[in-house]
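Raw contents of entry-v9.csv, CSV, C-alpha atoms and all ligand atoms:
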chain,number,residue,atom,x,y,z
A,21,MET,CA,1.1,-25.4,15.0
A,22,SER,CA,2.7,-21.9,15.4
A,23,ILE,CA,2.3,-19.7,12.4
A,24,LEU,CA,3.6,-16.4,13.8
A,25,LYS,CA,5.7,-16.0,16.8
A,26,THR,CA,7.7,-13.1,18.4
A,27,ALA,CA,10.0,-13.4,21.4
A,28,ASN,CA,11.2,-10.4,23.3
A,29,LEU,CA,10.7,-8.3,20.2
A,30,THR,CA,12.2,-4.8,20.7
A,31,LYS,CA,12.3,-1.9,18.3
A,32,LYS,CA,14.0,1.3,19.1
A,33,PHE,CA,13.9,4.5,16.9
A,34,GLY,CA,17.0,6.3,18.2
A,35,LYS,CA,16.4,6.7,22.0
A,36,PHE,CA,12.7,6.0,21.7
A,37,THR,CA,11.6,2.5,22.4
A,38,ALA,CA,8.5,1.7,20.2
A,39,LEU,CA,8.4,-2.0,21.1
A,40,ASP,CA,9.6,-3.3,24.4
A,41,GLY,CA,9.9,-7.1,24.7
A,42,VAL,CA,6.8,-8.1,22.8
A,43,ASN,CA,5.8,-11.8,22.9
A,44,LEU,CA,3.0,-13.0,20.6
A,45,GLU,CA,2.0,-16.3,19.2
A,46,VAL,CA,-0.6,-17.1,16.6
A,47,ASN,CA,-1.5,-20.7,15.8
A,48,LYS,CA,-2.9,-22.2,12.6
A,49,GLY,CA,-6.5,-21.4,12.1
A,50,GLU,CA,-6.7,-18.7,14.7
A,51,VAL,CA,-8.0,-15.2,14.4
A,52,PHE,CA,-5.7,-13.1,16.6
A,53,GLY,CA,-6.7,-9.6,17.7
A,54,PHE,CA,-3.9,-7.1,18.3
A,55,ILE,CA,-5.5,-4.3,20.3
A,56,GLY,CA,-4.1,-1.0,21.4
A,57,PRO,CA,-4.7,2.8,21.4
A,58,ASN,CA,-3.0,5.1,18.9
A,59,GLY,CA,0.7,5.0,19.0
A,60,ALA,CA,0.9,1.8,21.0
A,61,GLY,CA,3.1,0.0,18.5
A,62,LYS,CA,0.7,-2.1,16.4
A,63,THR,CA,1.9,-0.9,13.0
A,64,THR,CA,5.6,-1.1,14.1
A,65,THR,CA,5.1,-4.7,15.1
A,66,ILE,CA,3.5,-5.4,11.7
A,67,ARG,CA,6.3,-3.7,9.9
A,68,VAL,CA,8.8,-5.9,11.7
A,69,LEU,CA,6.7,-9.0,10.9
A,70,LEU,CA,6.7,-8.0,7.2
A,71,GLY,CA,10.5,-7.5,7.2
A,72,ILE,CA,10.1,-3.8,6.4
A,73,LEU,CA,11.8,-2.9,9.7
A,74,LYS,CA,14.6,-4.7,11.4
A,75,ALA,CA,14.1,-5.5,15.1
A,76,THR,CA,16.6,-4.0,17.5
A,77,GLU,CA,16.4,-7.1,19.7
A,78,GLY,CA,14.5,-10.3,19.9
A,79,GLU,CA,12.9,-12.6,17.3
A,80,ALA,CA,10.0,-12.4,14.8
A,81,LYS,CA,9.2,-15.6,13.0
A,82,ILE,CA,6.5,-16.5,10.5
A,83,PHE,CA,6.0,-20.1,9.4
A,84,GLY,CA,9.1,-20.8,11.5
A,85,LYS,CA,11.2,-18.5,9.3
A,86,ASP,CA,13.0,-15.3,10.3
A,87,ALA,CA,10.9,-12.3,9.4
A,88,TRP,CA,13.9,-10.2,8.3
A,89,LYS,CA,16.2,-12.7,6.7
A,90,GLU,CA,13.6,-14.8,5.0
A,91,ALA,CA,11.1,-12.2,4.0
A,92,VAL,CA,11.0,-13.1,0.4
A,93,GLU,CA,10.0,-16.7,1.2
A,94,ILE,CA,7.5,-15.7,3.8
A,95,HIS,CA,5.8,-13.2,1.5
A,96,LYS,CA,4.8,-15.9,-1.0
A,97,GLN,CA,2.2,-17.1,1.6
A,98,ILE,CA,1.0,-13.9,3.3
A,99,ALA,CA,-1.5,-11.3,2.3
A,100,TYR,CA,-1.2,-7.8,3.9
A,101,VAL,CA,-3.6,-4.9,4.1
A,102,PRO,CA,-2.1,-1.7,5.5
A,103,GLY,CA,-4.0,0.9,7.6
A,104,ASP,CA,-3.9,3.6,5.1
A,105,VAL,CA,-4.0,2.2,1.6
A,106,SER,CA,-2.2,4.2,-1.1
A,107,LEU,CA,-2.6,2.8,-4.6
A,108,TRP,CA,-1.2,3.7,-8.0
A,109,SER,CA,-3.4,6.6,-8.9
A,110,ASN,CA,-3.4,6.0,-12.7
A,111,LEU,CA,-4.6,2.3,-12.5
A,112,THR,CA,-8.2,1.4,-12.0
A,113,GLY,CA,-9.2,-0.6,-8.9
A,114,GLY,CA,-9.7,-3.7,-11.0
A,115,GLU,CA,-6.2,-3.4,-12.4
A,116,VAL,CA,-4.6,-3.0,-8.9
A,117,ILE,CA,-6.5,-6.1,-7.6
A,118,ASP,CA,-5.3,-8.1,-10.6
A,119,LEU,CA,-1.7,-7.0,-10.1
A,120,PHE,CA,-1.7,-7.9,-6.4
A,121,VAL,CA,-3.4,-11.2,-6.9
A,122,LYS,CA,-1.0,-12.1,-9.7
A,123,LEU,CA,2.0,-11.1,-7.6
A,124,ARG,CA,0.9,-13.7,-5.1
A,125,GLY,CA,0.7,-16.3,-7.9
A,126,THR,CA,-3.0,-17.0,-7.7
A,127,ASN,CA,-5.5,-16.3,-10.4
A,128,ASN,CA,-9.0,-17.1,-9.4
A,129,LYS,CA,-11.3,-14.9,-11.5
A,130,ASN,CA,-14.5,-16.1,-9.9
A,131,ARG,CA,-13.3,-15.3,-6.4
A,132,ARG,CA,-12.3,-11.9,-7.6
A,133,GLU,CA,-15.7,-11.2,-9.2
A,134,GLU,CA,-17.5,-12.5,-6.1
A,135,LEU,CA,-15.6,-10.2,-3.8
A,136,ILE,CA,-16.0,-7.2,-6.0
A,137,GLU,CA,-19.7,-7.7,-5.8
A,138,ARG,CA,-19.9,-8.4,-2.1
A,139,PHE,CA,-17.8,-5.3,-1.3
A,140,ASN,CA,-19.9,-3.3,-3.8
A,141,LEU,CA,-16.9,-1.8,-5.6
A,142,ASP,CA,-16.8,-0.2,-9.0
A,143,PRO,CA,-13.5,-1.7,-10.3
A,144,SER,CA,-13.4,0.5,-13.4
A,145,LYS,CA,-12.6,3.8,-11.7
A,146,LYS,CA,-9.1,5.2,-11.5
A,147,CYS,CA,-7.6,4.8,-8.0
A,148,ARG,CA,-7.0,8.5,-7.6
A,149,THR,CA,-10.8,9.0,-7.6
A,150,TYR,CA,-11.5,6.5,-4.8
A,151,SER,CA,-12.5,7.5,-1.3
A,152,LYS,CA,-10.6,6.2,1.7
A,153,GLY,CA,-13.2,3.4,2.2
A,154,ASN,CA,-13.0,2.4,-1.5
A,155,ARG,CA,-9.2,2.2,-1.4
A,156,GLN,CA,-9.5,0.0,1.7
A,157,LYS,CA,-11.9,-2.2,-0.3
A,158,VAL,CA,-9.5,-2.6,-3.2
A,159,ALA,CA,-6.8,-3.8,-0.7
A,160,LEU,CA,-9.2,-6.1,1.1
A,161,ILE,CA,-10.5,-7.7,-2.1
A,162,ALA,CA,-6.9,-8.2,-3.4
A,163,ALA,CA,-6.0,-9.9,0.0
A,164,PHE,CA,-9.0,-12.2,0.2
A,165,ALA,CA,-8.8,-13.1,-3.4
A,166,SER,CA,-5.3,-14.4,-2.8
A,167,ASP,CA,-4.7,-17.9,-1.5
A,168,ALA,CA,-2.6,-17.0,1.5
A,169,GLU,CA,-1.8,-18.9,4.6
A,170,LEU,CA,-1.6,-15.9,6.9
A,171,TYR,CA,-3.5,-12.6,6.5
A,172,ILE,CA,-2.0,-9.6,8.2
A,173,LEU,CA,-4.5,-6.8,8.5
A,174,ASP,CA,-3.7,-3.4,10.0
A,175,GLU,CA,-6.9,-1.7,11.2
A,176,PRO,CA,-8.6,-2.9,8.0
A,177,THR,CA,-12.1,-1.5,8.8
A,178,SER,CA,-11.1,2.0,9.7
A,179,GLY,CA,-12.7,3.4,6.5
A,180,LEU,CA,-15.6,1.0,6.1
A,181,ASP,CA,-19.2,1.7,6.7
A,182,PRO,CA,-21.1,-0.8,8.9
A,183,LEU,CA,-22.5,-2.8,6.0
A,184,MET,CA,-19.0,-3.3,4.5
A,185,GLU,CA,-17.6,-4.1,8.0
A,186,LYS,CA,-20.1,-7.0,8.0
A,187,VAL,CA,-18.8,-8.3,4.7
A,188,PHE,CA,-15.3,-8.0,6.0
A,189,GLN,CA,-16.2,-10.0,9.1
A,190,GLU,CA,-17.7,-12.7,6.9
A,191,CYS,CA,-14.5,-12.9,4.8
A,192,VAL,CA,-12.4,-13.3,7.9
A,193,MET,CA,-14.6,-16.1,9.2
A,194,GLU,CA,-14.5,-17.8,5.8
A,195,ALA,CA,-10.7,-17.7,5.8
A,196,LYS,CA,-10.7,-19.1,9.3
A,197,MET,CA,-13.0,-21.9,8.2
A,198,ALA,CA,-10.6,-22.7,5.4
A,199,GLY,CA,-7.8,-23.2,8.1
A,200,LYS,CA,-6.1,-19.9,7.4
A,201,SER,CA,-4.7,-17.7,10.2
A,202,ILE,CA,-5.5,-14.0,10.6
A,203,PHE,CA,-3.5,-11.3,12.5
A,204,LEU,CA,-5.9,-8.4,12.9
A,205,SER,CA,-4.8,-5.1,14.5
A,206,SER,CA,-7.6,-2.8,15.7
A,207,HIS,CA,-8.6,-0.4,18.3
A,208,ILE,CA,-12.3,-1.3,17.8
A,209,LEU,CA,-13.5,-3.6,20.5
A,210,SER,CA,-16.6,-4.9,18.7
A,211,GLU,CA,-14.5,-6.3,15.9
A,212,VAL,CA,-12.4,-8.3,18.3
A,213,GLU,CA,-15.3,-9.7,20.3
A,214,LYS,CA,-17.0,-11.1,17.2
A,215,LEU,CA,-14.0,-12.4,15.4
A,216,CYS,CA,-11.0,-13.2,17.5
A,217,ASP,CA,-10.1,-16.4,19.3
A,218,LYS,CA,-7.3,-14.7,21.2
A,219,VAL,CA,-6.2,-11.1,21.8
A,220,SER,CA,-3.2,-9.3,23.1
A,221,ILE,CA,-3.4,-5.7,24.3
A,222,ILE,CA,-0.5,-3.5,23.6
A,223,ARG,CA,0.2,-0.2,25.3
A,224,GLN,CA,3.3,2.0,25.0
A,225,GLY,CA,5.1,-0.8,23.3
A,226,LYS,CA,4.4,-3.4,26.0
A,227,ILE,CA,2.0,-6.3,26.0
A,228,ILE,CA,-0.2,-5.7,29.0
A,229,GLU,CA,-2.7,-8.5,28.6
A,230,SER,CA,-3.0,-11.7,26.5
A,231,GLY,CA,-5.4,-14.5,26.3
A,232,THR,CA,-8.8,-15.8,25.1
A,233,LEU,CA,-11.8,-13.5,25.4
A,234,ASP,CA,-13.0,-15.7,28.3
A,235,GLU,CA,-9.7,-15.3,30.1
A,236,LEU,CA,-9.9,-11.6,29.7
A,237,ARG,CA,-13.5,-11.5,31.0
A,238,HIS,CA,-12.2,-12.7,34.3
A,239,LEU,CA,-10.4,-9.4,34.6
A,240,THR,CA,-13.6,-7.4,34.2
A,241,ARG,CA,-15.7,-5.8,36.9
A,242,THR,CA,-19.4,-6.2,37.6
A,243,SER,CA,-21.3,-3.0,38.5
A,244,VAL,CA,-23.6,-3.5,41.5
A,245,LEU,CA,-26.4,-1.4,43.1
A,246,VAL,CA,-27.6,-2.5,46.5
A,247,GLU,CA,-30.0,-1.4,49.2
A,248,THR,CA,-30.0,-2.9,52.6
A,249,LYS,CA,-32.0,-2.6,55.9
A,250,GLN,CA,-28.9,-2.0,57.9
A,251,THR,CA,-26.0,0.2,56.9
A,252,ILE,CA,-23.3,-1.8,55.2
A,253,LYS,CA,-20.0,-1.5,57.1
A,254,ALA,CA,-16.4,-1.6,56.0
A,255,LEU,CA,-17.3,-2.5,52.3
A,256,SER,CA,-14.2,-0.7,51.1
A,257,GLU,CA,-12.0,-3.2,53.1
A,258,LEU,CA,-13.2,-6.2,51.0
A,259,ASN,CA,-11.0,-7.5,48.3
A,260,GLY,CA,-11.9,-6.5,44.8
A,261,VAL,CA,-14.4,-3.7,45.6
A,262,HIS,CA,-13.9,-0.4,43.8
A,263,ASP,CA,-15.5,3.0,43.3
A,264,ILE,CA,-18.1,3.0,46.1
A,265,GLN,CA,-20.7,5.7,45.8
A,266,ILE,CA,-23.8,6.5,47.8
A,267,LYS,CA,-26.9,7.2,45.8
A,268,ASP,CA,-30.1,8.2,47.8
A,269,HIS,CA,-30.7,5.0,49.8
A,270,SER,CA,-28.5,2.8,47.7
A,271,LEU,CA,-24.9,2.0,47.3
A,272,THR,CA,-23.2,1.5,44.0
A,273,PHE,CA,-19.8,0.0,43.4
A,274,GLN,CA,-17.7,-2.2,41.1
A,275,VAL,CA,-16.5,-5.7,41.9
A,276,ASP,CA,-13.8,-7.8,40.3
A,277,SER,CA,-15.7,-10.6,38.8
A,278,GLU,CA,-13.9,-13.3,40.7
A,279,GLU,CA,-14.8,-11.7,44.1
A,280,LEU,CA,-18.5,-11.2,43.4
A,281,GLY,CA,-19.6,-14.3,45.4
A,282,ASN,CA,-17.7,-13.2,48.5
A,283,VAL,CA,-19.0,-9.7,48.3
A,284,ILE,CA,-22.6,-10.8,48.0
A,285,LYS,CA,-22.2,-13.1,50.9
A,286,TYR,CA,-20.8,-10.3,53.0
A,287,ILE,CA,-23.5,-7.8,52.2
A,288,SER,CA,-26.3,-10.3,52.7
A,289,GLN,CA,-25.8,-10.1,56.5
A,290,PHE,CA,-27.1,-6.4,56.3
A,291,GLU,CA,-30.4,-7.7,54.9
A,292,ILE,CA,-30.7,-6.9,51.2
A,293,VAL,CA,-33.9,-5.2,50.0
A,294,LYS,CA,-32.7,-4.4,46.5
A,295,PHE,CA,-29.9,-5.9,44.3
A,296,GLU,CA,-29.1,-5.0,40.8
A,297,SER,CA,-26.0,-6.0,38.8
A,298,ALA,CA,-24.8,-5.2,35.3
A,299,PRO,CA,-22.7,-7.7,33.6
A,300,PRO,CA,-19.1,-6.9,32.9
A,301,THR,CA,-18.1,-5.7,29.5
A,302,LEU,CA,-14.8,-5.9,27.8
A,303,GLU,CA,-15.3,-2.3,26.9
A,304,ASP,CA,-14.7,-1.4,30.6
A,305,LEU,CA,-11.6,-3.4,30.7
A,306,PHE,CA,-10.2,-1.7,27.6
A,307,MET,CA,-11.1,1.7,28.8
A,308,ARG,CA,-9.3,1.1,32.1
A,309,HIS,CA,-6.2,0.0,30.1
A,310,TYR,CA,-6.5,2.9,27.7
A,311,LYS,CA,-6.7,5.5,30.5
A,312,GLY,CA,-3.7,3.8,32.2
A,313,VAL,CA,-5.5,3.4,35.6
A,314,GLY,CA,-6.1,-0.2,36.7
A,315,GLY,CA,-2.3,-0.2,37.1
A,316,ALA,CA,-2.5,-3.4,39.2
A,317,LEU,CA,-3.5,-5.5,36.2
A,401,LIG,N1,9.9,5.5,11.7
A,401,LIG,C1,9.7,6.0,13.0
A,401,LIG,N2,10.6,6.8,13.6
A,401,LIG,C2,10.4,7.2,14.9
A,401,LIG,N3,9.3,6.9,15.6
A,401,LIG,C3,8.4,6.0,15.1
A,401,LIG,C4,8.5,5.5,13.7
A,401,LIG,N4,7.5,4.8,13.4
A,401,LIG,C5,6.7,4.8,14.6
A,401,LIG,N5,7.2,5.5,15.5
A,401,LIG,C6,6.7,5.8,16.9
A,401,LIG,O1,6.4,4.5,17.5
A,401,LIG,C7,5.2,4.5,18.2
A,401,LIG,C8,4.3,3.4,17.8
A,401,LIG,O2,3.8,3.7,16.5
A,401,LIG,P1,2.8,2.8,15.7
A,401,LIG,O3,2.6,3.4,14.3
A,401,LIG,O4,3.4,1.4,15.7
A,401,LIG,O5,1.5,2.8,16.5
A,401,LIG,P2,0.1,2.2,16.3
A,401,LIG,O6,-0.2,1.3,17.4
A,401,LIG,O7,0.1,1.6,14.9
A,401,LIG,O8,-0.9,3.4,16.3
A,401,LIG,P3,-2.2,3.8,15.4
A,401,LIG,O9,-3.4,3.1,16.1
A,401,LIG,O10,-2.3,5.3,15.5
A,401,LIG,O11,-2.0,3.3,14.0
A,401,LIG,C9,4.7,5.9,18.1
A,401,LIG,O12,5.0,6.7,19.2
A,401,LIG,C10,5.3,6.4,16.8
A,401,LIG,O13,5.4,7.8,16.9
A,402,MG,MG,-1.0,1.9,13.2
As a first step, turn the structure in this file into structure tokens.
Amino acid sequence: MSILKTANLTKKFGKFTALDGVNLEVNKGEVFGFIGPNGAGKTTTIRVLLGILKATEGEAKIFGKDAWKEAVEIHKQIAYVPGDVSLWSNLTGGEVIDLFVKLRGTNNKNRREELIERFNLDPSKKCRTYSKGNRQKVALIAAFASDAELYILDEPTSGLDPLMEKVFQECVMEAKMAGKSIFLSSHILSEVEKLCDKVSIIRQGKIIESGTLDELRHLTRTSVLVETKQTIKALSELNGVHDIQIKDHSLTFQVDSEELGNVIKYISQFEIVKFESAPPTLEDLFMRHYKGVGGAL
């Protein structure tokens, strides 16, 4: 069942196109990673989904309802954590959590206490005295203490230390186990690898890659180091071979994962004496996208 869907979503600020035909789909029970470098359009997409910004073209739907026209209805069942949390400076953290949770119509004291303890927050302090990480925790506790169907989280771990990041990951997995859906924007790869069922990569307002992590892994490259008795000829003419370099008596290069078999077959005729390969990482894939090379993808 589709929980969140955008079709050809386009947002212009004057002449500047911040979102250019964005298609996304999140199904019930999925953790969806929305990945992209700074300024890619993640927050803009989220603002359109929340009904804060009106799309220039295209559609954005949550629970099958129009994100702009039916925002009030939609908001009853979503919890949102912004990237930079600003709170009411004169209330304490505990008061802000209570306010948010009540606004969403749930009132589960035990859950609230449990989360405050797990996130190691002192709820009695005034919000103006909280550090960035602590403000983030207040918003996360308020979100996870609410009984929402969809959690929209915009770079939620940017201010958290590694221990708290782990607590956050557990909360996301618990929500998923309970059949909830999570839309998680991030530029941190490790978060995505551990949590997300599917990811979309956005760059300059366009989705450049979408799929499960397995599907994306097919787009990665394996690093190879090889030494042969005879000189390898015409390696650069093979499909999927990149970045060939000579190192002492060895050759190093990168191969598109799907071409690896063919390449090994080809070089074996030159009598391999040494062969090392490093598994592909998603990090490499993201870095290629971030730098804007790998234009063929
Ligand atoms: N209100 C606005 N008016 C004009 N331009 C805007 C506005 N809001 C966003 N933009 C531009 O739209 C682009 C996308 O911004 P957005 O905040 O969505 O990026 P992001 O992916 O969330 O980046 P970050 O990782 O830094 O949070 C940027 O170039 C930004 O300058
Ligand atoms: Mg942002």
Each chain A residue no farther than 7 Å from ligand MG 402 (chain A), nearest pair in Å, only C-alpha atoms and all ligand atoms, as CSV:
residue,atom,partner,partner_atom,distance
A:Asn58,CA,A:MG402,MG,6.8
A:Gly59,CA,A:MG402,MG,6.8
A:Gly61,CA,A:MG402,MG,7.0
A:Lys62,CA,A:MG402,MG,5.4
A:Thr63,CA,A:MG402,MG,4.0
A:Gly103,CA,A:MG402,MG,6.4
A:Asp174,CA,A:MG402,MG,6.8
| query | Which protein, DNA or RNA residues have an atom within 10 Å of ligand LIG 401 (chain A), counting all atoms listed in the file, as a ChimeraX atom specification? | reply | /A:31-39,54-68,73,102-104,174-175,205-207,222-225
| message | Restricting the calculation to all atoms listed in the file: of A:Ser109, A:Thr76, A:Gln265, A:Asn128, which residue gets closest to Lys146 (chain A)? | response | A:Ser109
| field | Atom pair CA of Thr242 (chain A) / CA of Phe290 (chain A): separation (Å) | value |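 Between these atoms lies a distance of 20.2 Å.
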| query | From the set A:Gln274, A:Ser243, A:Ser288, A:Ser22, which residue has the shortest atom-to-atom contact distance to Gly84 (chain A), counting all atoms listed in the file? | reply |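 Closest candidate: A:Ser22.
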